[in-house]
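Shown next: coords18.txt, containing compact mmCIF, N, CA and C atoms.
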# COMPACT_ATOMS: atom_id res chain seq x y z
N MET A 690 5.26 34.73 -1.38
CA MET A 690 5.06 33.63 -2.30
C MET A 690 3.58 33.27 -2.30
N GLU A 691 3.05 33.07 -3.46
CA GLU A 691 1.64 32.74 -3.61
C GLU A 691 1.39 31.26 -3.37
N ARG A 692 0.28 30.94 -2.74
CA ARG A 692 -0.06 29.55 -2.45
C ARG A 692 -0.44 28.83 -3.74
N PRO A 693 -0.07 27.55 -3.86
CA PRO A 693 -0.44 26.79 -5.05
C PRO A 693 -1.95 26.62 -5.13
N GLN A 694 -2.47 26.57 -6.31
CA GLN A 694 -3.90 26.32 -6.51
C GLN A 694 -4.09 24.81 -6.61
N TRP A 695 -4.36 24.20 -5.47
CA TRP A 695 -4.42 22.74 -5.39
C TRP A 695 -5.52 22.17 -6.27
N SER A 696 -6.62 22.88 -6.44
CA SER A 696 -7.69 22.35 -7.28
C SER A 696 -7.25 22.30 -8.74
N ALA A 697 -6.48 23.30 -9.19
CA ALA A 697 -5.97 23.30 -10.56
C ALA A 697 -4.97 22.17 -10.75
N ILE A 698 -4.09 21.99 -9.75
CA ILE A 698 -3.10 20.92 -9.83
C ILE A 698 -3.78 19.56 -9.83
N SER A 699 -4.79 19.41 -9.00
CA SER A 699 -5.56 18.17 -8.94
C SER A 699 -6.23 17.89 -10.28
N GLY A 700 -6.76 18.93 -10.91
CA GLY A 700 -7.40 18.79 -12.23
C GLY A 700 -6.41 18.33 -13.29
N ILE A 701 -5.21 18.90 -13.26
CA ILE A 701 -4.17 18.51 -14.21
C ILE A 701 -3.79 17.05 -14.00
N ILE A 702 -3.61 16.66 -12.75
CA ILE A 702 -3.24 15.27 -12.45
C ILE A 702 -4.35 14.32 -12.90
N GLY A 703 -5.61 14.69 -12.67
CA GLY A 703 -6.74 13.86 -13.11
C GLY A 703 -6.77 13.72 -14.62
N ASP A 704 -6.55 14.83 -15.34
CA ASP A 704 -6.51 14.78 -16.81
C ASP A 704 -5.39 13.87 -17.29
N LEU A 705 -4.22 14.00 -16.69
CA LEU A 705 -3.09 13.15 -17.08
C LEU A 705 -3.37 11.68 -16.79
N GLN A 706 -4.01 11.38 -15.66
CA GLN A 706 -4.34 10.00 -15.32
C GLN A 706 -5.31 9.41 -16.33
N ARG A 707 -6.33 10.17 -16.71
CA ARG A 707 -7.29 9.69 -17.72
C ARG A 707 -6.59 9.44 -19.05
N THR A 708 -5.67 10.32 -19.42
CA THR A 708 -4.91 10.14 -20.66
C THR A 708 -4.10 8.86 -20.61
N LEU A 709 -3.43 8.61 -19.50
CA LEU A 709 -2.64 7.39 -19.35
C LEU A 709 -3.53 6.15 -19.35
N ASP A 710 -4.67 6.23 -18.70
CA ASP A 710 -5.60 5.09 -18.66
C ASP A 710 -6.10 4.73 -20.05
N ASP A 711 -6.26 5.72 -20.91
CA ASP A 711 -6.79 5.50 -22.26
C ASP A 711 -5.70 5.33 -23.31
N ALA A 712 -4.44 5.25 -22.90
CA ALA A 712 -3.32 5.23 -23.85
C ALA A 712 -3.40 4.06 -24.83
N ALA A 713 -3.73 2.87 -24.37
CA ALA A 713 -3.77 1.71 -25.26
C ALA A 713 -4.86 1.89 -26.32
N GLN A 714 -6.01 2.38 -25.91
CA GLN A 714 -7.10 2.59 -26.86
C GLN A 714 -6.73 3.70 -27.85
N THR A 715 -6.11 4.74 -27.36
CA THR A 715 -5.69 5.84 -28.24
C THR A 715 -4.67 5.34 -29.25
N ARG A 716 -3.70 4.55 -28.79
CA ARG A 716 -2.69 4.00 -29.69
C ARG A 716 -3.36 3.17 -30.79
N GLN A 717 -4.34 2.36 -30.43
CA GLN A 717 -5.04 1.54 -31.41
C GLN A 717 -5.77 2.42 -32.42
N GLN A 718 -6.43 3.47 -31.94
CA GLN A 718 -7.13 4.39 -32.85
C GLN A 718 -6.15 5.03 -33.83
N VAL A 719 -5.02 5.48 -33.33
CA VAL A 719 -4.03 6.14 -34.18
C VAL A 719 -3.46 5.16 -35.20
N MET A 720 -3.21 3.92 -34.78
CA MET A 720 -2.63 2.94 -35.69
C MET A 720 -3.59 2.51 -36.80
N GLU A 721 -4.88 2.78 -36.64
CA GLU A 721 -5.87 2.44 -37.65
C GLU A 721 -6.14 3.58 -38.63
N ILE A 722 -5.52 4.71 -38.41
CA ILE A 722 -5.76 5.88 -39.25
C ILE A 722 -5.14 5.68 -40.63
N THR A 723 -5.88 6.10 -41.64
CA THR A 723 -5.34 6.17 -42.99
C THR A 723 -5.66 7.56 -43.54
N GLY A 724 -4.83 7.99 -44.47
CA GLY A 724 -5.07 9.24 -45.16
C GLY A 724 -5.22 8.95 -46.64
N THR A 725 -6.15 9.62 -47.27
CA THR A 725 -6.43 9.38 -48.69
C THR A 725 -6.44 10.70 -49.44
N ALA A 726 -5.92 10.68 -50.65
CA ALA A 726 -5.96 11.87 -51.49
C ALA A 726 -6.00 11.46 -52.96
N TRP A 727 -6.57 12.33 -53.74
CA TRP A 727 -6.62 12.17 -55.20
C TRP A 727 -5.84 13.32 -55.83
N SER A 728 -5.20 13.05 -56.95
CA SER A 728 -4.52 14.12 -57.68
C SER A 728 -5.58 15.08 -58.24
N ASP A 729 -5.14 16.26 -58.61
CA ASP A 729 -6.07 17.27 -59.14
C ASP A 729 -6.85 16.75 -60.34
N ASP A 730 -6.18 15.96 -61.19
CA ASP A 730 -6.85 15.43 -62.38
C ASP A 730 -7.58 14.11 -62.13
N ARG A 731 -7.59 13.65 -60.86
CA ARG A 731 -8.27 12.43 -60.43
C ARG A 731 -7.69 11.17 -61.08
N MET A 732 -6.47 11.23 -61.58
CA MET A 732 -5.82 10.09 -62.22
C MET A 732 -5.02 9.25 -61.23
N ILE A 733 -4.72 9.83 -60.05
CA ILE A 733 -3.90 9.13 -59.06
C ILE A 733 -4.61 9.21 -57.71
N LYS A 734 -4.64 8.07 -57.06
CA LYS A 734 -5.18 7.99 -55.70
C LYS A 734 -4.10 7.39 -54.82
N ALA A 735 -3.83 8.03 -53.68
CA ALA A 735 -2.84 7.54 -52.73
C ALA A 735 -3.50 7.35 -51.38
N VAL A 736 -3.15 6.24 -50.73
CA VAL A 736 -3.60 5.96 -49.37
C VAL A 736 -2.36 5.69 -48.54
N VAL A 737 -2.25 6.37 -47.42
CA VAL A 737 -1.10 6.18 -46.53
C VAL A 737 -1.59 5.70 -45.17
N GLY A 738 -0.69 5.03 -44.46
CA GLY A 738 -0.98 4.57 -43.11
C GLY A 738 -0.73 5.65 -42.09
N PRO A 739 -0.82 5.31 -40.83
CA PRO A 739 -0.73 6.30 -39.75
C PRO A 739 0.63 6.98 -39.64
N ARG A 740 1.67 6.36 -40.13
CA ARG A 740 3.00 6.97 -40.08
C ARG A 740 3.40 7.55 -41.43
N GLY A 741 2.44 7.67 -42.33
CA GLY A 741 2.71 8.25 -43.64
C GLY A 741 3.22 7.26 -44.66
N GLN A 742 3.26 5.97 -44.30
CA GLN A 742 3.75 4.97 -45.24
C GLN A 742 2.70 4.73 -46.32
N LEU A 743 3.14 4.63 -47.55
CA LEU A 743 2.25 4.40 -48.67
C LEU A 743 1.72 2.97 -48.60
N VAL A 744 0.40 2.81 -48.54
CA VAL A 744 -0.18 1.47 -48.45
C VAL A 744 -1.00 1.13 -49.70
N GLU A 745 -1.35 2.15 -50.48
CA GLU A 745 -2.10 1.90 -51.70
C GLU A 745 -1.83 3.03 -52.69
N LEU A 746 -1.65 2.67 -53.94
CA LEU A 746 -1.45 3.65 -54.99
C LEU A 746 -2.19 3.18 -56.23
N GLU A 747 -3.13 3.98 -56.69
CA GLU A 747 -3.87 3.67 -57.90
C GLU A 747 -3.51 4.71 -58.96
N ILE A 748 -3.16 4.21 -60.13
CA ILE A 748 -2.84 5.10 -61.25
C ILE A 748 -3.76 4.73 -62.39
N ASP A 749 -4.54 5.69 -62.83
CA ASP A 749 -5.47 5.47 -63.94
C ASP A 749 -4.65 5.21 -65.20
N PRO A 750 -4.98 4.17 -65.96
CA PRO A 750 -4.21 3.85 -67.17
C PRO A 750 -4.19 4.98 -68.22
N ARG A 751 -5.11 5.92 -68.09
CA ARG A 751 -5.14 7.03 -69.06
C ARG A 751 -3.90 7.92 -68.97
N VAL A 752 -3.13 7.82 -67.86
CA VAL A 752 -1.93 8.64 -67.76
C VAL A 752 -0.91 8.27 -68.83
N TYR A 753 -1.02 7.07 -69.37
CA TYR A 753 -0.05 6.61 -70.37
C TYR A 753 -0.37 7.13 -71.77
N ARG A 754 -1.51 7.79 -71.93
CA ARG A 754 -1.87 8.35 -73.24
C ARG A 754 -0.94 9.49 -73.62
N THR A 755 -0.49 10.23 -72.65
CA THR A 755 0.48 11.31 -72.87
C THR A 755 1.61 11.11 -71.87
N PRO A 756 2.54 10.21 -72.19
CA PRO A 756 3.59 9.89 -71.23
C PRO A 756 4.48 11.09 -70.89
N ASN A 757 4.63 11.31 -69.60
CA ASN A 757 5.50 12.37 -69.10
C ASN A 757 5.93 11.94 -67.70
N SER A 758 7.07 11.29 -67.63
CA SER A 758 7.49 10.70 -66.36
C SER A 758 7.70 11.75 -65.27
N LYS A 759 8.21 12.92 -65.62
CA LYS A 759 8.43 13.96 -64.61
C LYS A 759 7.10 14.47 -64.05
N ALA A 760 6.13 14.68 -64.92
CA ALA A 760 4.82 15.15 -64.46
C ALA A 760 4.13 14.07 -63.62
N LEU A 761 4.26 12.81 -64.04
CA LEU A 761 3.66 11.72 -63.28
C LEU A 761 4.29 11.62 -61.90
N SER A 762 5.60 11.72 -61.85
CA SER A 762 6.32 11.66 -60.58
C SER A 762 5.88 12.80 -59.66
N ALA A 763 5.82 14.01 -60.20
CA ALA A 763 5.41 15.17 -59.40
C ALA A 763 3.98 15.00 -58.90
N SER A 764 3.11 14.47 -59.74
CA SER A 764 1.72 14.28 -59.35
C SER A 764 1.60 13.22 -58.25
N ILE A 765 2.36 12.14 -58.37
CA ILE A 765 2.35 11.09 -57.35
C ILE A 765 2.83 11.67 -56.02
N LEU A 766 3.96 12.39 -56.04
CA LEU A 766 4.49 12.97 -54.80
C LEU A 766 3.51 13.94 -54.16
N ALA A 767 2.89 14.80 -54.96
CA ALA A 767 1.93 15.76 -54.42
C ALA A 767 0.71 15.05 -53.83
N THR A 768 0.27 13.98 -54.48
CA THR A 768 -0.89 13.24 -54.00
C THR A 768 -0.56 12.51 -52.70
N VAL A 769 0.61 11.92 -52.63
CA VAL A 769 1.02 11.24 -51.40
C VAL A 769 1.15 12.25 -50.26
N ARG A 770 1.73 13.41 -50.54
CA ARG A 770 1.83 14.45 -49.50
C ARG A 770 0.46 14.86 -48.99
N ALA A 771 -0.49 14.99 -49.90
CA ALA A 771 -1.85 15.36 -49.50
C ALA A 771 -2.47 14.25 -48.65
N ALA A 772 -2.19 13.00 -48.98
CA ALA A 772 -2.70 11.88 -48.18
C ALA A 772 -2.07 11.89 -46.79
N VAL A 773 -0.78 12.20 -46.71
CA VAL A 773 -0.10 12.29 -45.42
C VAL A 773 -0.72 13.42 -44.59
N GLU A 774 -1.01 14.54 -45.21
CA GLU A 774 -1.65 15.65 -44.50
C GLU A 774 -3.02 15.23 -43.97
N ASP A 775 -3.75 14.42 -44.75
CA ASP A 775 -5.04 13.91 -44.31
C ASP A 775 -4.87 13.01 -43.08
N ALA A 776 -3.89 12.11 -43.13
CA ALA A 776 -3.63 11.23 -41.99
C ALA A 776 -3.19 12.03 -40.77
N ASN A 777 -2.35 13.03 -40.98
CA ASN A 777 -1.90 13.88 -39.87
C ASN A 777 -3.06 14.64 -39.23
N ARG A 778 -3.97 15.14 -40.07
CA ARG A 778 -5.14 15.85 -39.55
C ARG A 778 -5.98 14.91 -38.68
N LYS A 779 -6.19 13.69 -39.16
CA LYS A 779 -6.98 12.72 -38.40
C LYS A 779 -6.28 12.36 -37.08
N THR A 780 -4.96 12.21 -37.14
CA THR A 780 -4.20 11.90 -35.93
C THR A 780 -4.30 13.04 -34.93
N ARG A 781 -4.17 14.25 -35.42
CA ARG A 781 -4.26 15.43 -34.55
C ARG A 781 -5.64 15.48 -33.90
N GLU A 782 -6.70 15.15 -34.65
CA GLU A 782 -8.05 15.17 -34.08
C GLU A 782 -8.17 14.16 -32.94
N VAL A 783 -7.62 12.96 -33.13
CA VAL A 783 -7.65 11.96 -32.06
C VAL A 783 -6.89 12.47 -30.85
N MET A 784 -5.69 12.99 -31.08
CA MET A 784 -4.85 13.45 -29.98
C MET A 784 -5.49 14.63 -29.24
N GLU A 785 -6.14 15.53 -29.97
CA GLU A 785 -6.78 16.67 -29.32
C GLU A 785 -7.94 16.23 -28.44
N ARG A 786 -8.61 15.13 -28.85
CA ARG A 786 -9.72 14.61 -28.03
C ARG A 786 -9.21 13.99 -26.74
N VAL A 787 -8.05 13.35 -26.78
CA VAL A 787 -7.60 12.58 -25.61
C VAL A 787 -6.55 13.29 -24.75
N MET A 788 -5.84 14.25 -25.31
CA MET A 788 -4.82 14.93 -24.52
C MET A 788 -5.49 15.86 -23.52
N PRO A 789 -4.90 15.96 -22.35
CA PRO A 789 -5.48 16.86 -21.34
C PRO A 789 -5.54 18.28 -21.87
N LYS A 790 -6.64 18.94 -21.60
CA LYS A 790 -6.81 20.33 -22.06
C LYS A 790 -5.77 21.24 -21.40
N THR A 791 -5.28 20.82 -20.27
CA THR A 791 -4.28 21.62 -19.55
C THR A 791 -2.90 21.49 -20.16
N ALA A 792 -2.73 20.62 -21.18
CA ALA A 792 -1.41 20.45 -21.78
C ALA A 792 -0.99 21.68 -22.58
N GLY A 793 -1.92 22.59 -22.83
CA GLY A 793 -1.61 23.80 -23.58
C GLY A 793 -0.55 24.66 -22.93
N PHE A 794 -0.39 24.54 -21.62
CA PHE A 794 0.62 25.34 -20.94
C PHE A 794 2.03 24.94 -21.37
N LEU A 795 2.17 23.78 -22.01
CA LEU A 795 3.49 23.34 -22.49
C LEU A 795 3.91 24.08 -23.74
N GLY A 796 2.96 24.72 -24.41
CA GLY A 796 3.28 25.40 -25.66
C GLY A 796 3.35 24.40 -26.80
N LYS A 797 3.98 24.81 -27.87
CA LYS A 797 4.11 23.94 -29.04
C LYS A 797 5.15 22.88 -28.75
N THR A 798 4.78 21.61 -28.93
CA THR A 798 5.67 20.50 -28.61
C THR A 798 6.33 19.96 -29.88
N ASP A 799 7.34 19.09 -29.70
CA ASP A 799 7.96 18.46 -30.86
C ASP A 799 6.95 17.62 -31.62
N PHE A 800 5.93 17.06 -30.93
CA PHE A 800 4.87 16.32 -31.60
C PHE A 800 4.16 17.24 -32.59
N ASP A 801 3.87 18.47 -32.17
CA ASP A 801 3.22 19.43 -33.06
C ASP A 801 4.10 19.72 -34.27
N VAL A 802 5.38 19.88 -34.04
CA VAL A 802 6.31 20.16 -35.13
C VAL A 802 6.32 18.99 -36.11
N MET A 803 6.35 17.77 -35.58
CA MET A 803 6.36 16.60 -36.45
C MET A 803 5.08 16.51 -37.27
N MET A 804 3.95 16.82 -36.67
CA MET A 804 2.68 16.72 -37.37
C MET A 804 2.52 17.84 -38.41
N ASP A 805 3.18 18.96 -38.19
CA ASP A 805 3.05 20.10 -39.09
C ASP A 805 4.02 20.06 -40.26
N ASN A 806 4.93 19.08 -40.30
CA ASN A 806 5.96 19.04 -41.32
C ASN A 806 6.05 17.66 -41.95
N HIS A 807 6.38 17.65 -43.23
CA HIS A 807 6.60 16.39 -43.93
C HIS A 807 7.97 15.85 -43.53
N ASP A 808 8.16 14.55 -43.69
CA ASP A 808 9.41 13.91 -43.28
C ASP A 808 10.63 14.60 -43.88
N ALA A 809 10.55 14.97 -45.15
CA ALA A 809 11.70 15.59 -45.80
C ALA A 809 12.04 16.94 -45.17
N ASP A 810 11.04 17.62 -44.60
CA ASP A 810 11.24 18.95 -44.03
C ASP A 810 11.51 18.91 -42.52
N LEU A 811 11.31 17.75 -41.91
CA LEU A 811 11.36 17.64 -40.45
C LEU A 811 12.72 18.01 -39.85
N PRO A 812 13.85 17.51 -40.37
CA PRO A 812 15.13 17.89 -39.75
C PRO A 812 15.34 19.40 -39.71
N GLN A 813 14.99 20.08 -40.78
CA GLN A 813 15.16 21.53 -40.83
C GLN A 813 14.21 22.21 -39.83
N ALA A 814 12.98 21.72 -39.71
CA ALA A 814 12.02 22.32 -38.77
C ALA A 814 12.47 22.13 -37.33
N LEU A 815 12.97 20.94 -37.00
CA LEU A 815 13.45 20.71 -35.63
C LEU A 815 14.70 21.53 -35.34
N ARG A 816 15.57 21.67 -36.34
CA ARG A 816 16.78 22.49 -36.15
C ARG A 816 16.38 23.94 -35.89
N LYS A 817 15.40 24.44 -36.65
CA LYS A 817 14.94 25.81 -36.46
C LYS A 817 14.36 25.98 -35.05
N ARG A 818 13.60 24.98 -34.62
CA ARG A 818 13.01 25.02 -33.28
C ARG A 818 14.11 25.06 -32.22
N GLU A 819 15.18 24.29 -32.42
CA GLU A 819 16.30 24.27 -31.49
C GLU A 819 17.00 25.63 -31.46
N GLU A 820 17.21 26.21 -32.64
CA GLU A 820 17.87 27.52 -32.71
C GLU A 820 17.05 28.59 -32.00
N GLU A 821 15.73 28.43 -32.00
CA GLU A 821 14.87 29.38 -31.30
C GLU A 821 14.80 29.09 -29.81
N GLY A 822 15.50 28.01 -29.38
CA GLY A 822 15.52 27.66 -27.97
C GLY A 822 14.30 26.89 -27.51
N ASN A 823 13.65 26.20 -28.45
CA ASN A 823 12.39 25.50 -28.13
C ASN A 823 12.48 24.01 -28.50
N GLY A 824 13.38 23.28 -27.93
CA GLY A 824 13.42 21.85 -28.24
C GLY A 824 14.84 21.38 -28.37
N TYR A 825 14.97 20.25 -29.03
CA TYR A 825 16.29 19.66 -29.18
C TYR A 825 16.41 19.07 -30.57
N VAL A 826 17.62 18.85 -30.97
CA VAL A 826 17.92 18.22 -32.25
C VAL A 826 18.68 16.96 -31.96
N SER A 827 18.23 15.86 -32.53
CA SER A 827 18.96 14.61 -32.31
C SER A 827 19.84 14.30 -33.48

Using the file provided, produce a representation of the structure as structure tokens.
Amino acid sequence: MERPQWSAISGIIGDLQRTLDDAAQTRQQVMEITGTAWSDDRMIKAVVGPRGQLVELEIDPRVYRTPNSKALSASILATVRAAVEDANRKTREVMERVMPKTAGFLGKTDFDVMMDNHDADLPQALRKREEEGNGYVS
């Protein structure tokens, strides 16, 4: 049996302790994140909060010149999704700065799955992860 590498274990414990010590500050940073996106035609602007909730929606009045409710709906949804992706990217950047570098040995976590998928796609992504033997489904 090989002896444990105590210096590596000590490093992991130190990283985890620093992460825990900074948890309140990290939570505050994450809760202040917003994501913003504009539609391709720049007629719609969406701003979402840190959990993807829509907090601002601007629709240029020119969209009413050629009314098309289905196109408007699709454009709003696509813009909100892009804003959520922006917020997720910012959240991931914060988490990558504060999470211990040694956490990589855990592999892809459910947090990663949640950040990589939109809410509508999340149940299917978690189920797939469970079927692959990598997680759980609630």

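Counting all atoms listed in the file and comparing A:Ala697, A:Val752, A:Leu746, A:Ala726, the residue that lies closest to Arg770 in chain A is A:Ala726.
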
May I have a table of the residues of range 700-742 of chain A lying at most 6.5 Å from range 775-784 of chain A, giving each one's closest pair of atoms and their distance in Å to one decimal, counting only N, CA and C atoms, ordered by chain and ascending residue number, as JSON lines?
{"residue": "A:Val719", "atom": "CA", "partner": "A:Thr780", "partner_atom": "CA", "distance": 6.0}
{"residue": "A:Ile722", "atom": "C", "partner": "A:Ala776", "partner_atom": "CA", "distance": 5.9}
{"residue": "A:Thr723", "atom": "C", "partner": "A:Ala776", "partner_atom": "CA", "distance": 4.5}
{"residue": "A:Gly724", "atom": "CA", "partner": "A:Ala776", "partner_atom": "N", "distance": 3.7}
{"residue": "A:Thr725", "atom": "N", "partner": "A:Asp775", "partner_atom": "CA", "distance": 5.3}
{"residue": "A:Gly738", "atom": "C", "partner": "A:Ala776", "partner_atom": "CA", "distance": 6.3}
{"residue": "A:Pro739", "atom": "CA", "partner": "A:Ala776", "partner_atom": "CA", "distance": 6.1}

Just how far from atom C of Met720 in chain A is atom N of Ile748 in chain A, in Å to one decimal? 23.4 Å

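Between atom C of Glu747 in chain A and atom N of Val769 in chain A the interatomic distance comes to 10.4 Å.
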
For the atom pair atom N of Ile702 in chain A and atom N of Met788 in chain A, what is the interatomic distance in Å to one decimal place? 13.0 Å

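For the choices A:Thr715, A:Asp729, A:Arg754, A:Glu785, the atom-to-atom distance to Ala767 in chain A is smallest for A:Asp729 when using all atoms listed in the file.
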
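Candidate residues A:Gln706, A:Ser762, A:Thr768, A:Thr755 were compared for distance to Val736 in chain A, and the nearest is A:Thr768, using only C-alpha atoms.
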
Give me, as number ranges by chain, the residues of range 696-790 of chain A that a backbone DSSP run labels helix (DSSP H, G or I). A: 696-710, 712-720, 750-754, 758-787, 790

Padded axis-aligned box of range 730-743 of chain A (5 Å per side), centre and edge lengths, Å, one decimal, as AutoDock Vina command-line options:
--center_x -2.3 --center_y 9.5 --center_z -51.0 --size_x 22.0 --size_y 23.0 --size_z 32.7

As JSON, numbers by chain, please: every residue in range 692-800 of chain A that DSSP puts in strand (DSSP E). {"A": [724, 725, 726, 727, 733, 734, 735, 736, 737, 743, 744, 745, 746, 747, 748]}
